[in-house]
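*Asks:* The structure follows.
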Amino acid sequence: MMWILIVVGALLLLGVYLSWTAGRLDRLHARVDASRAVLDAELLRRSASALELATAGLLDPATSVVVADAASRARTVNEESRYQAESDLTAVLCTGLDDPQDLAALREEIPGLGQPLDELGMACRRAAHARRFHNEMVRGAQRLRRKLLVRWLRLAGHAPWPETVELDDTVPRGFNG
Amino acid sequence: MKIGIVCPYAWGVPGGVQFHIRDFSEELMARGHSVSVLAPGGEDDHAPPYVVKAGRPVSVPYNGSVARILFGPRAAARVRRWLTDGDFDVVHIHEPETMSLGLLATWWADMPVVGTFHQATDRSRAMSAARGILQSSVEKLSARIAVSEEARRTLVQHLGGDPVLIPNGLYVDRFNVPARPEWRSDGGTLSFLGRVDEPRKGLPVLLAAWPGIRAKMPDARLLVAGPGDTSEIRQAIPAEHRDSVTFLGAVSDEDKAAMLASSDIYVAPHTGGESFGIVLVEAMAAGAPVLASDLVAFRAVLDDGRLGALVPIGDADALADEACALLADPDRRRQYRDAASVAVRRYDWSELAGEVLAVYEMVMAVGSPANRVFRMPRR
């Protein structure tokens with residue numbers, strides 16, 4: 001008699017633990033999705049700022065064309081190539097806007113350049129922060145999903161394995177003054 | 001946005017973290033956010049209206065030394081009341097690993113929590129038995145911010161993850177003040193800022209270099225600002241150079257800016273323990289060319305020597321040579337000044353507050369990990 005009670009009690013505890021873990025996993029997935037949405041929004045903001053700078057007619061035509069091309073590609077390319085296109089935009093920005101001294105001279109020379117430049121700098125930093133933030137969230141979810149019980153009992157259901165976002169979001173040195 | 005900020009150190013005691021929180025809070029309020037700062041302190045301590053005092057810290061043995069810590073049931077109750085009354089959208093805790101308010105606030109908060117790490121100390125010795133509790137508390141942070149690359153590295157080593165880097169800020173315009181003629185010498189004015197009796201701030205190195213500088217620049221003078229007992233230090237200076245060194249003691253913010261603005265060179269001869277070097281940025285904002293020891297943090301702020309001169313750490317002879325070379329080269333000083341005046345904008349609160357707010361928006365979009373064993377009762 002006693003052992004039945006013990007087994008039932010143990011099963012109950014296990015059940016509570018499992019449903020708690022499943023709930024936790026569910027919330028974690030929701031947070032991963034939310035932080036991914038934040039990251040996508042910040043990347044869009046960055047490419048929008050780059051596009052704005054490039055089409056404002058303030059920079060030289062060559063720089064403008066290259067930046068505008070990279071920015072609009074990042075905004076229009078399909079999902080698989082998206083992060084590659086974002087990395088390409090970073091590469092273009094880092095090449096074109098890498099010298100703080102050049103940029104300081106340009107700021108003095110061209111009135112009205114300061115604001116779009118500052119906005120782009122801020123957008124670059126925000127995007128970099130957002131990616132770090134998202135990846136931390138993803139790693140937390142991955143840690144939980146690697147646990148044995150979670151794997152054996154498929155507590156994650158059909159939710160896809162959360163992946164970190166890997167892309168180059170270096171902030172061009174020119175924006176550091 | 002309703003923002004609650006937790007300051008680990010008593011508001012009345014001047015310190016980098018307190019100044020950082022003060023300036024940042026004022027910037028947020030100027031942008032229309034509502035801010036409440038929770039800091040240690042007694043009822044009669046002077047503090048601005050947005051600061052809520054959590055009680056006086058007491059001295060207890062902790063982590064191998066005596067620390068001033070705020071703890072006990074009453075402190076815990078105050079933190080809980082502050083969290084409930086504030087109904088914050090986000091809580092921002094500075095130095096969450098400090099055994100103080102931060103720990104309590106992280107524990108009780110059920111809104112998203114952001115933590116900022118200022119120090120870059122080696123934590124390996126610390127918190128043996130308490131480690132588990134502190135670790136789980138740090139894991140509750142929705143986002144982590146480090147103020148310098150070194151602080152970030154320490155954090156990654158000890159806790160892993162990938163915290164964001166947002167440097168310390170200042171109000172650049174407040175340092176744009178005129179020079180004080182009575183502090184100037186046409187033969188070259190150098191300045192030093194920091195506790196005079198704390199060797200790692202490097203005053204001994206500078207004073208060892210001083211006779212060498214005066215040998216080449218006989219009319220140079222040195223301004224030393226910072227708290228600490230100066231009588232012995234003054235006696236140790238050779239008599240013929242004693243009058244060329246002016247000790248200003250602890251200075252107000254206005255005097256600090258004016259001293260920097262009066263300087264031909266601001267010298268930062270620190271020998272270690274600096275995680276960021278906000279003083280360098282302050283000097284740059286005031287238009288003082290910087291001559292600093294080659295610490296990792298200083299090299300980063302000076303962009304590998306583009307924004308100021310770097311000399312080997314603790315080398316008085318090298319310091320004297322470089323100071324003389326710089327005094328004799330007004331062009332190089334102008335270059336540093338021009339480049340630095342652009343670079344410091346990156347550290348202005350108008351920029352940095354936007355970055356921190358971006359982090360707030362992120363954690364709010366994602367929500368708090370609603371998974372507490374203890375949930376705070378809602379009224």
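Chain labels A, B, ... are given in the sequence in which chains occur in the structure tokens; within each chain residues are numbered consecutively from 1, and ligands are likewise numbered from 1 in the order shown.
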Fewer than 5 positions away in the same chain doesn't count, so skip those; otherwise give me all residues within 12 Å of Asp60 of chain A, counting only C-alpha atoms, as a list of chain:residue names.
*Replies:*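 Residues near the query, excluding close chain neighbours: A:Leu53, A:Ala54, A:Thr55, A:Val65, A:Val66, A:Val67, A:Ala68, A:Gly96, A:Leu106, A:Ile110, A:Leu113.
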*Asks:* Quick check: residues of chain B within 10 Å of chain A, only C-alpha atoms, returned as a VMD selection string.
*Replies:* chain B and resid 139 142 to 145 160 to 166 301 303 306 to 307 338 to 347 351 to 352 354 to 359 361 to 371
*Asks:* Only N, CA and C atoms, please: the residues just picked out, written as a compact mmCIF listing (two decimals), in the first residue's frame.
*Replies:*
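Writing done, so here's result_26.txt:
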# COMPACT_ATOMS: atom_id res chain seq x y z
N GLU B 139 22.13 35.63 -13.29
CA GLU B 139 21.43 34.99 -14.41
C GLU B 139 20.03 35.55 -14.61
N SER B 142 18.11 40.41 -17.51
CA SER B 142 17.66 40.24 -18.90
C SER B 142 18.74 40.68 -19.87
N ALA B 143 19.49 41.71 -19.51
CA ALA B 143 20.57 42.17 -20.38
C ALA B 143 21.70 42.67 -19.52
N ARG B 144 22.92 42.48 -20.01
CA ARG B 144 24.08 42.92 -19.24
C ARG B 144 24.89 43.92 -20.06
N ILE B 145 25.32 44.98 -19.39
CA ILE B 145 26.11 46.02 -20.04
C ILE B 145 27.45 46.11 -19.33
N GLY B 160 30.56 34.01 -18.62
CA GLY B 160 30.25 33.63 -19.98
C GLY B 160 29.30 34.61 -20.63
N GLY B 161 28.74 34.23 -21.76
CA GLY B 161 27.78 35.08 -22.43
C GLY B 161 28.44 36.18 -23.23
N ASP B 162 27.65 37.12 -23.67
CA ASP B 162 28.12 38.12 -24.61
C ASP B 162 27.52 39.48 -24.27
N PRO B 163 27.95 40.11 -23.17
CA PRO B 163 27.35 41.38 -22.76
C PRO B 163 27.65 42.50 -23.75
N VAL B 164 26.79 43.50 -23.80
CA VAL B 164 27.02 44.62 -24.70
C VAL B 164 27.94 45.64 -24.03
N LEU B 165 28.64 46.40 -24.86
CA LEU B 165 29.59 47.39 -24.36
C LEU B 165 29.03 48.79 -24.60
N ILE B 166 28.75 49.50 -23.52
CA ILE B 166 28.35 50.90 -23.64
C ILE B 166 29.21 51.69 -22.66
N VAL B 301 40.79 54.25 -25.12
CA VAL B 301 40.16 55.57 -25.15
C VAL B 301 40.92 56.49 -26.12
N ASP B 303 42.43 55.67 -28.75
CA ASP B 303 42.44 55.09 -30.09
C ASP B 303 43.87 54.82 -30.55
N ARG B 306 46.07 57.94 -31.39
CA ARG B 306 45.64 58.95 -32.35
C ARG B 306 45.13 60.20 -31.63
N LEU B 307 44.54 60.00 -30.44
CA LEU B 307 43.90 61.12 -29.73
C LEU B 307 44.75 61.65 -28.60
N ASP B 338 42.23 68.71 -31.64
CA ASP B 338 41.21 68.71 -32.68
C ASP B 338 40.56 67.33 -32.84
N ALA B 339 41.42 66.30 -32.90
CA ALA B 339 40.88 64.95 -33.07
C ALA B 339 40.03 64.57 -31.86
N ALA B 340 40.51 64.93 -30.67
CA ALA B 340 39.80 64.53 -29.45
C ALA B 340 38.46 65.25 -29.34
N SER B 341 38.40 66.50 -29.79
CA SER B 341 37.15 67.25 -29.64
C SER B 341 36.03 66.59 -30.44
N VAL B 342 36.38 65.92 -31.55
CA VAL B 342 35.37 65.18 -32.31
C VAL B 342 35.06 63.85 -31.63
N ALA B 343 36.13 63.18 -31.17
CA ALA B 343 35.96 61.83 -30.62
C ALA B 343 35.12 61.83 -29.36
N VAL B 344 35.22 62.88 -28.53
CA VAL B 344 34.50 62.85 -27.25
C VAL B 344 32.99 62.87 -27.44
N ARG B 345 32.54 63.32 -28.61
CA ARG B 345 31.09 63.34 -28.81
C ARG B 345 30.48 61.96 -28.63
N ARG B 346 31.27 60.95 -28.95
CA ARG B 346 30.82 59.56 -28.79
C ARG B 346 30.46 59.28 -27.33
N TYR B 347 31.06 60.02 -26.40
CA TYR B 347 30.84 59.75 -24.99
C TYR B 347 29.81 60.68 -24.37
N GLU B 351 24.37 60.81 -26.82
CA GLU B 351 24.57 59.59 -27.60
C GLU B 351 24.28 58.36 -26.76
N LEU B 352 24.94 58.31 -25.60
CA LEU B 352 24.95 57.07 -24.83
C LEU B 352 23.59 56.75 -24.22
N GLY B 354 20.82 57.21 -25.53
CA GLY B 354 20.06 56.56 -26.60
C GLY B 354 20.39 55.08 -26.70
N GLU B 355 21.66 54.75 -26.51
CA GLU B 355 22.05 53.34 -26.58
C GLU B 355 21.47 52.55 -25.43
N VAL B 356 21.54 53.14 -24.21
CA VAL B 356 20.99 52.42 -23.05
C VAL B 356 19.47 52.27 -23.20
N LEU B 357 18.83 53.33 -23.70
CA LEU B 357 17.38 53.24 -23.92
C LEU B 357 17.04 52.15 -24.93
N ALA B 358 17.92 51.97 -25.92
CA ALA B 358 17.70 50.90 -26.89
C ALA B 358 17.71 49.56 -26.18
N VAL B 359 18.63 49.40 -25.23
CA VAL B 359 18.67 48.15 -24.46
C VAL B 359 17.39 47.99 -23.63
N GLU B 361 14.46 49.15 -24.38
CA GLU B 361 13.38 48.77 -25.30
C GLU B 361 13.46 47.29 -25.63
N MET B 362 14.69 46.79 -25.81
CA MET B 362 14.84 45.37 -26.13
C MET B 362 14.31 44.50 -25.00
N VAL B 363 14.75 44.78 -23.75
CA VAL B 363 14.32 43.90 -22.67
C VAL B 363 12.82 44.01 -22.43
N MET B 364 12.26 45.19 -22.70
CA MET B 364 10.82 45.33 -22.52
C MET B 364 10.06 44.56 -23.58
N ALA B 365 10.59 44.56 -24.81
CA ALA B 365 9.93 43.82 -25.88
C ALA B 365 9.92 42.33 -25.59
N VAL B 366 10.96 41.87 -24.91
CA VAL B 366 11.10 40.44 -24.67
C VAL B 366 10.42 40.03 -23.37
N GLY B 367 10.29 40.96 -22.43
CA GLY B 367 9.63 40.65 -21.16
C GLY B 367 10.59 40.01 -20.18
N SER B 368 10.14 39.90 -18.95
CA SER B 368 11.01 39.33 -17.93
C SER B 368 10.83 37.83 -17.88
N PRO B 369 11.84 37.11 -17.46
CA PRO B 369 11.69 35.66 -17.33
C PRO B 369 10.72 35.37 -16.19
N ALA B 370 9.45 35.18 -16.50
CA ALA B 370 8.43 35.03 -15.46
C ALA B 370 8.52 33.64 -14.87
N ASN B 371 9.53 33.43 -14.09
CA ASN B 371 9.83 32.09 -13.66
C ASN B 371 10.35 32.08 -12.25
*Asks:* Find the residues around Leu51 of chain A up to 10 Å (only C-alpha atoms counted), leave out those fewer than 3 positions away in its own chain, and share them as a list in words.
*Replies:*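 Final neighbour list, sorted by chain and number: Arg45, Arg46, Ser47, Ala48, Ala54, Thr55, Ala56, Ser64, Val65, Val67, Ala68, Asp69, Ala70, Ala71, Ser72, Arg75, Pro116 and Leu120 of chain A.
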*Asks:* Set the distance at 9 Å and use only C-alpha atoms: which residues neighbour Ala156 of chain A once local chain neighbours fewer than 5 positions away are removed? I'd like the list as a PyMOL selection string.
*Replies:* chain A and resi 22+25-26+145+150-151+161
*Asks:* Export, as a compact mmCIF listing (two decimals), in the first residue's frame, the selected residues with N, CA and C atoms.
*Replies:*
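Saved the output as selection-v9.txt:
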# COMPACT_ATOMS: atom_id res chain seq x y z
N ALA A 22 8.20 22.45 -19.24
CA ALA A 22 7.62 22.70 -20.56
C ALA A 22 7.15 24.14 -20.67
N LEU A 25 10.13 26.37 -21.04
CA LEU A 25 10.66 26.25 -22.39
C LEU A 25 9.83 27.08 -23.37
N ASP A 26 8.51 26.99 -23.16
CA ASP A 26 7.60 27.73 -24.02
C ASP A 26 7.86 29.23 -23.92
N ARG A 145 17.32 23.18 -23.66
CA ARG A 145 16.91 22.11 -24.58
C ARG A 145 17.91 20.98 -24.64
N VAL A 150 14.46 16.90 -21.22
CA VAL A 150 13.82 17.72 -22.23
C VAL A 150 13.93 17.05 -23.59
N ARG A 151 15.12 16.44 -23.85
CA ARG A 151 15.31 15.80 -25.14
C ARG A 151 14.51 14.50 -25.24
N TRP A 161 14.97 24.12 -33.39
CA TRP A 161 16.15 24.37 -32.55
C TRP A 161 16.56 25.84 -32.69
*Asks:* In terms of the shortest atom-to-atom distance over only C-alpha atoms, which of A:Leu14, A:Leu167, A:Val8, A:Ala50 is closest to Leu117 of chain A?
*Replies:*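 Under the stated criterion, the closest residue is A:Ala50.
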*Asks:* Among segment 154-364 of chain B, which ones does DSSP assign to alpha helix (DSSP H) (computed from the backbone)? Answer as a compact mmCIF listing (two decimals) with C-alpha atoms, in the first residue's frame.
*Replies:*
# COMPACT_ATOMS: atom_id res chain seq x y z
CA THR B 154 36.17 40.00 -16.93
CA LEU B 155 32.47 39.40 -17.21
CA VAL B 156 32.82 36.95 -20.10
CA GLN B 157 35.57 35.05 -18.28
CA HIS B 158 33.60 34.63 -15.09
CA LEU B 159 30.04 34.30 -16.26
CA LEU B 203 51.34 60.74 -8.85
CA PRO B 204 54.69 59.31 -7.61
CA VAL B 205 55.68 58.57 -11.22
CA LEU B 206 54.81 62.09 -12.32
CA LEU B 207 56.68 63.67 -9.40
CA ALA B 208 59.72 61.52 -10.15
CA ALA B 209 59.60 62.84 -13.71
CA TRP B 210 59.05 66.42 -12.63
CA PRO B 211 62.73 67.47 -12.07
CA GLY B 212 63.55 66.10 -15.52
CA ILE B 213 60.72 68.11 -17.08
CA ARG B 214 61.78 71.27 -15.23
CA ALA B 215 65.37 70.81 -16.37
CA LYS B 216 64.24 71.35 -19.96
CA SER B 231 52.17 67.42 3.37
CA GLU B 232 54.54 64.45 3.02
CA ILE B 233 54.25 64.46 -0.73
CA ARG B 234 55.14 68.13 -0.84
CA GLN B 235 58.19 67.56 1.39
CA ALA B 236 59.42 64.81 -0.92
CA ALA B 239 63.09 72.26 -2.73
CA GLU B 240 63.91 74.07 -5.98
CA HIS B 241 60.86 72.54 -7.70
CA ARG B 242 58.45 72.71 -4.77
CA ASP B 253 33.25 69.86 -11.00
CA GLU B 254 33.64 73.47 -12.18
CA ASP B 255 37.21 73.71 -10.89
CA LYS B 256 38.06 70.38 -12.41
CA ALA B 257 36.87 71.49 -15.84
CA ALA B 258 38.68 74.82 -15.48
CA MET B 259 41.90 73.12 -14.42
CA LEU B 260 41.79 70.81 -17.42
CA ALA B 261 40.97 73.71 -19.72
CA ILE B 278 36.60 58.63 -17.80
CA VAL B 279 39.11 61.29 -16.68
CA LEU B 280 40.83 61.03 -20.03
CA VAL B 281 37.56 61.72 -21.78
CA GLU B 282 36.94 64.65 -19.44
CA ALA B 283 40.34 66.10 -20.25
CA MET B 284 39.67 65.64 -23.96
CA ALA B 285 36.31 67.38 -23.59
CA VAL B 296 44.84 48.77 -22.05
CA ALA B 297 41.90 50.96 -21.05
CA PHE B 298 43.75 54.20 -21.86
CA ARG B 299 45.03 52.89 -25.18
CA ALA B 300 41.44 52.10 -26.11
CA VAL B 301 40.16 55.57 -25.15
CA ALA B 316 59.32 58.37 -15.14
CA ASP B 317 62.13 59.06 -17.63
CA ALA B 318 59.97 58.23 -20.63
CA LEU B 319 57.21 60.36 -19.17
CA ALA B 320 59.58 63.34 -18.74
CA ASP B 321 60.93 63.01 -22.30
CA GLU B 322 57.48 62.75 -23.87
CA ALA B 323 56.10 65.64 -21.79
CA CYS B 324 58.96 67.89 -22.90
CA ALA B 325 58.60 66.82 -26.52
CA LEU B 326 54.88 67.53 -26.38
CA LEU B 327 55.34 70.93 -24.69
CA PRO B 330 52.28 72.99 -30.30
CA ASP B 331 51.28 71.45 -33.65
CA ARG B 332 51.04 67.97 -32.22
CA ARG B 333 49.09 69.27 -29.25
CA ARG B 334 46.66 71.00 -31.61
CA GLN B 335 46.24 67.77 -33.61
CA TYR B 336 45.41 65.83 -30.47
CA ARG B 337 43.02 68.54 -29.34
CA ASP B 338 41.21 68.71 -32.68
CA ALA B 339 40.88 64.95 -33.07
CA ALA B 340 39.80 64.53 -29.45
CA SER B 341 37.15 67.25 -29.64
CA VAL B 342 35.37 65.18 -32.31
CA ALA B 343 35.96 61.83 -30.62
CA TRP B 349 25.15 61.48 -22.78
CA SER B 350 23.03 62.56 -25.73
CA GLU B 351 24.57 59.59 -27.60
CA LEU B 352 24.95 57.07 -24.83
CA ALA B 353 21.54 57.52 -23.23
CA GLY B 354 20.06 56.56 -26.60
CA GLU B 355 22.05 53.34 -26.58
CA VAL B 356 20.99 52.42 -23.05
CA LEU B 357 17.38 53.24 -23.92
CA ALA B 358 17.70 50.90 -26.89
CA VAL B 359 18.67 48.15 -24.46
CA TYR B 360 15.67 49.03 -22.28
CA GLU B 361 13.38 48.77 -25.30
CA MET B 362 14.84 45.37 -26.13
CA VAL B 363 14.32 43.90 -22.67
CA MET B 364 10.82 45.33 -22.52
*Asks:* DSSP on the backbone, strand (DSSP E) only: what residues of segment 48-220 of chain B does that give? Format it as a PyMOL selection string.
*Replies:* chain B and resi 51-53+58-62+65-69+90-94+113-117+143-146+164-165+189-193
*Asks:* If you measure from atom CA of Ala39 of chain B to atom CA of Val147 of chain B, what distance in Å do you get, rounded to one decimal?
*Replies:*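 Between atom CA of Ala39 of chain B and atom CA of Val147 of chain B the gap works out to 19.9 Å.
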